[in-house]
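> Below you'll find the structure I mean.
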Amino acid sequence: MNPPTLRSRRHLLRTAFNGFGYAAFAGLSTAAALAEARKPHFPARAKRVIMIFMQGGVSHVDTFDHKPKLSADAGKSFGSRATSKLMGSLWKTAQHGQSGHWVSELYPHVAKQADLLCMLHAMHTDQQAHETAVPFFHTGIASQARPSTGAWTVYGLGSETEDLPGYIAMNSLKSFGGNNHGSAFLPASCQATMVSAESSNSKAGGLPVPDLVPAHVNADQQRAQLELLRKINRRRLELDEVNPELEGVIASHEMAFRMQAAVPSLLDLGKESAETLKLYGIGQSATDGFGRQCLFARKFAEAGVRYIEIGTTGWDHHYDIKNLLPKNCAATDQPIAGLLTDLRQRSLLDDTLVIFGTEFGRTPFAESDGRDHNNRAFTLWMAGGGVKPGHRHGQSDDYGAEGVDGKVHIHDLHATMLHLLGLDHEKLTYRYSGRDFRLTDVKGQVVQEILA
């Protein structure tokens, strides 16, 4: 087969960015095309996202969705389920701030930030098993490898910094299938770089990013290797004229080299004040691990990273919810409140969209001494980034079993997130395997009611 002509290669390059509709790519290199493509479709309200993902299914009726009738009817059968008995919340819930948001006593620090929160109480999803619901939350599809929300964000907007990736994740979700932090058919530079919050502790040792520093060469030797690779790659590029894959490799080498200096310095907690460490609960046994994630999320956001995901696992409380749920909440309450406070103090919250999410909620009836999965209603909240502070959207029924008003599907969530970032979810597409793909597929509506 004859190699494609320069004209056909440029056509392929234009096709790769079909979602933006830029016919002016002719004559541009891949890097220049990317720079041109990575502009919002309209003025953005948010520049970046911090996703706090609590894997397992946070019980909304025990945290942020107050259901007095559920407590009043505890012990009664749930509908036609004779063996399913309603279980009221074991914890008190009170209203907080001028917004009057109901927040459980399990989240006392977050409760003090109530007026910053935009609550979505009628979230729902198509999936009710972790192995499909987690990838569905992250990619909009349950059973195939598709680009993650973070990957689409970086593809659409790029990064604000040259020294760090556009997408960083600190909560590995590999065991739950899918492509939760991956880029699938999007350029590999759009996938997440995994960072370990724990290993950045100097006492723990190790590197925050796996394989960031070569083990068998010194700095001068590495520089010589990279210079040789650069010459070989550039020569190949001159012959090919257009080679997106090779340019991606060159860019990844350059990024890794810059990260070797930027990441360890950025994650050095020795530069943080005692007040800041205390704000996040760092140094306290219950909150230290997640506190580090939250502090690093702020530091990455401040440094220009476009999409950051943090979170914890272990929210699948089928049993012993009385003891396990308080532990999860205690580990995350102060760090989350600290993150919101710190972002606000640094004037970062207005253009940073913070999201507290989970793959689904829990049932209002008991399963032994816990709750089962519930994909028909759960609560998610947002803060900053162009959403209405202190706003309540949607409502579930008296037992929190199903949304009855203002229902928001995962596709709607994705459409709204992209909208806040200045991206039209119907225009942000990528041509692959003969069709135009997008994060929301053929669905999704922007939730206009929550926009500030």
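Residue numbering restarts at 1 in every chain; chains get A, B, ... in the order shown in the structure tokens, and ligands count up from 1 in that same order.
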So that I can see what lies close to Leu186 of chain A, please list as a PyMOL selection string the residues with an atom at most 10 Å from it, counting only C-alpha atoms and leaving out residues fewer than 2 positions away in the same chain.
chain A and resi 16+146-148+151-152+154-155+182-184+188-191+430-432
> From segment 274-417 of chain A, collect each residue whose DSSP state is helix (DSSP H, G or I) and return the set as a ChimeraX atom specification.
/A:274-280,288-303,321-345,349-351,410-417
> Taking the DSSP secondary structure from the backbone, can you list the residues of segment 216-409 of chain A that are strand (DSSP E), as a VMD selection string?
chain A and resid 307 to 312 352 to 357 361 to 367 370 to 374 378 to 383 392 to 393 395 to 396 403 to 405 408 to 409
> Using 12 Å as the limit and counting only C-alpha atoms, can you tabulate each residue of segment 119-203 of chain A that touches segment 90-110 of chain A, with its shortest atom-to-atom distance in Å and the two atoms involved, as a tab-separated table?

```
residue	atom	partner	partner_atom	distance
A:Met119	CA	A:His101	CA	8.2
A:Leu120	CA	A:His101	CA	11.3
A:His121	CA	A:His101	CA	11.2
```
> Work out how far apart atom CA of Lys388 of chain A and atom CA of Phe53 of chain A are and give it in Å to one decimal.
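Atom CA of Lys388 of chain A sits 20.7 Å away from atom CA of Phe53 of chain A.
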> Using only C-alpha atoms, which residues of segment 81-167 of chain A come within 8 Å of segment 354-362 of chain A, and what is the closest atom pair for each, with the distance in Å to one decimal? Give it as a Markdown table, sorted by chain and residue number.

```
| residue | atom | partner | partner_atom | distance |
| --- | --- | --- | --- | --- |
| A:His124 | CA | A:Phe360 | CA | 7.1 |
| A:Thr125 | CA | A:Phe360 | CA | 7.0 |
| A:Gln128 | CA | A:Phe360 | CA | 7.2 |
| A:His130 | CA | A:Glu359 | CA | 7.3 |
| A:Ala133 | CA | A:Glu359 | CA | 5.6 |
| A:Val134 | CA | A:Glu359 | CA | 5.5 |
| A:Phe137 | CA | A:Glu359 | CA | 6.0 |
```
> Would you mind reading off the distance between atom CA of Gln395 of chain A and atom CA of Met417 of chain A, one decimal, in Å?
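Atom-to-atom, atom CA of Gln395 of chain A and atom CA of Met417 of chain A are spaced 20.4 Å apart.
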> Need to verify the contact set: Pro135 of chain A, 9 Å, only C-alpha atoms, exclusion of same-chain residues closer than 5 positions in sequence. Can you return it as a VMD selection string?
chain A and resid 130 140 to 146 148 176 to 180 359
> For the selection just defined, write its residues with C-alpha atoms to a file, as a PDB file, in the first residue's frame.

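As a result, selection_25.pdb now contains:
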```pdb
ATOM      1  CA  HIS A 130     -20.379  -1.305  41.199  1.00  0.00           C
ATOM      2  CA  GLY A 140     -21.046   7.607  30.399  1.00  0.00           C
ATOM      3  CA  ILE A 141     -21.034   3.960  29.363  1.00  0.00           C
ATOM      4  CA  ALA A 142     -20.967   0.808  31.451  1.00  0.00           C
ATOM      5  CA  SER A 143     -19.547  -2.000  29.364  1.00  0.00           C
ATOM      6  CA  GLN A 144     -16.992  -0.593  26.899  1.00  0.00           C
ATOM      7  CA  ALA A 145     -13.752   1.317  27.250  1.00  0.00           C
ATOM      8  CA  ARG A 146     -14.555   4.957  26.534  1.00  0.00           C
ATOM      9  CA  SER A 148     -13.268   9.374  30.968  1.00  0.00           C
ATOM     10  CA  PHE A 176     -14.001  -1.702  39.188  1.00  0.00           C
ATOM     11  CA  GLY A 177     -13.530  -2.220  35.482  1.00  0.00           C
ATOM     12  CA  GLY A 178     -13.983   0.222  32.653  1.00  0.00           C
ATOM     13  CA  ASN A 179     -11.677   3.051  31.700  1.00  0.00           C
ATOM     14  CA  ASN A 180     -12.385   5.268  34.708  1.00  0.00           C
ATOM     15  CA  GLU A 359     -21.949   5.849  41.766  1.00  0.00           C
TER      16      GLU A 359
END
```
> What does the structure give for the distance between atom CA of Thr132 of chain A and atom CA of Ser172 of chain A, in Å to one decimal?
15.8 Å
> Check the smallest atom-to-atom distance from each of A:Thr332, A:Thr276, A:Thr352, A:Ser433 to Asp288 of chain A using only C-alpha atoms, then report the winner.
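The shortest atom-to-atom distance to Asp288 of chain A comes from A:Thr332.
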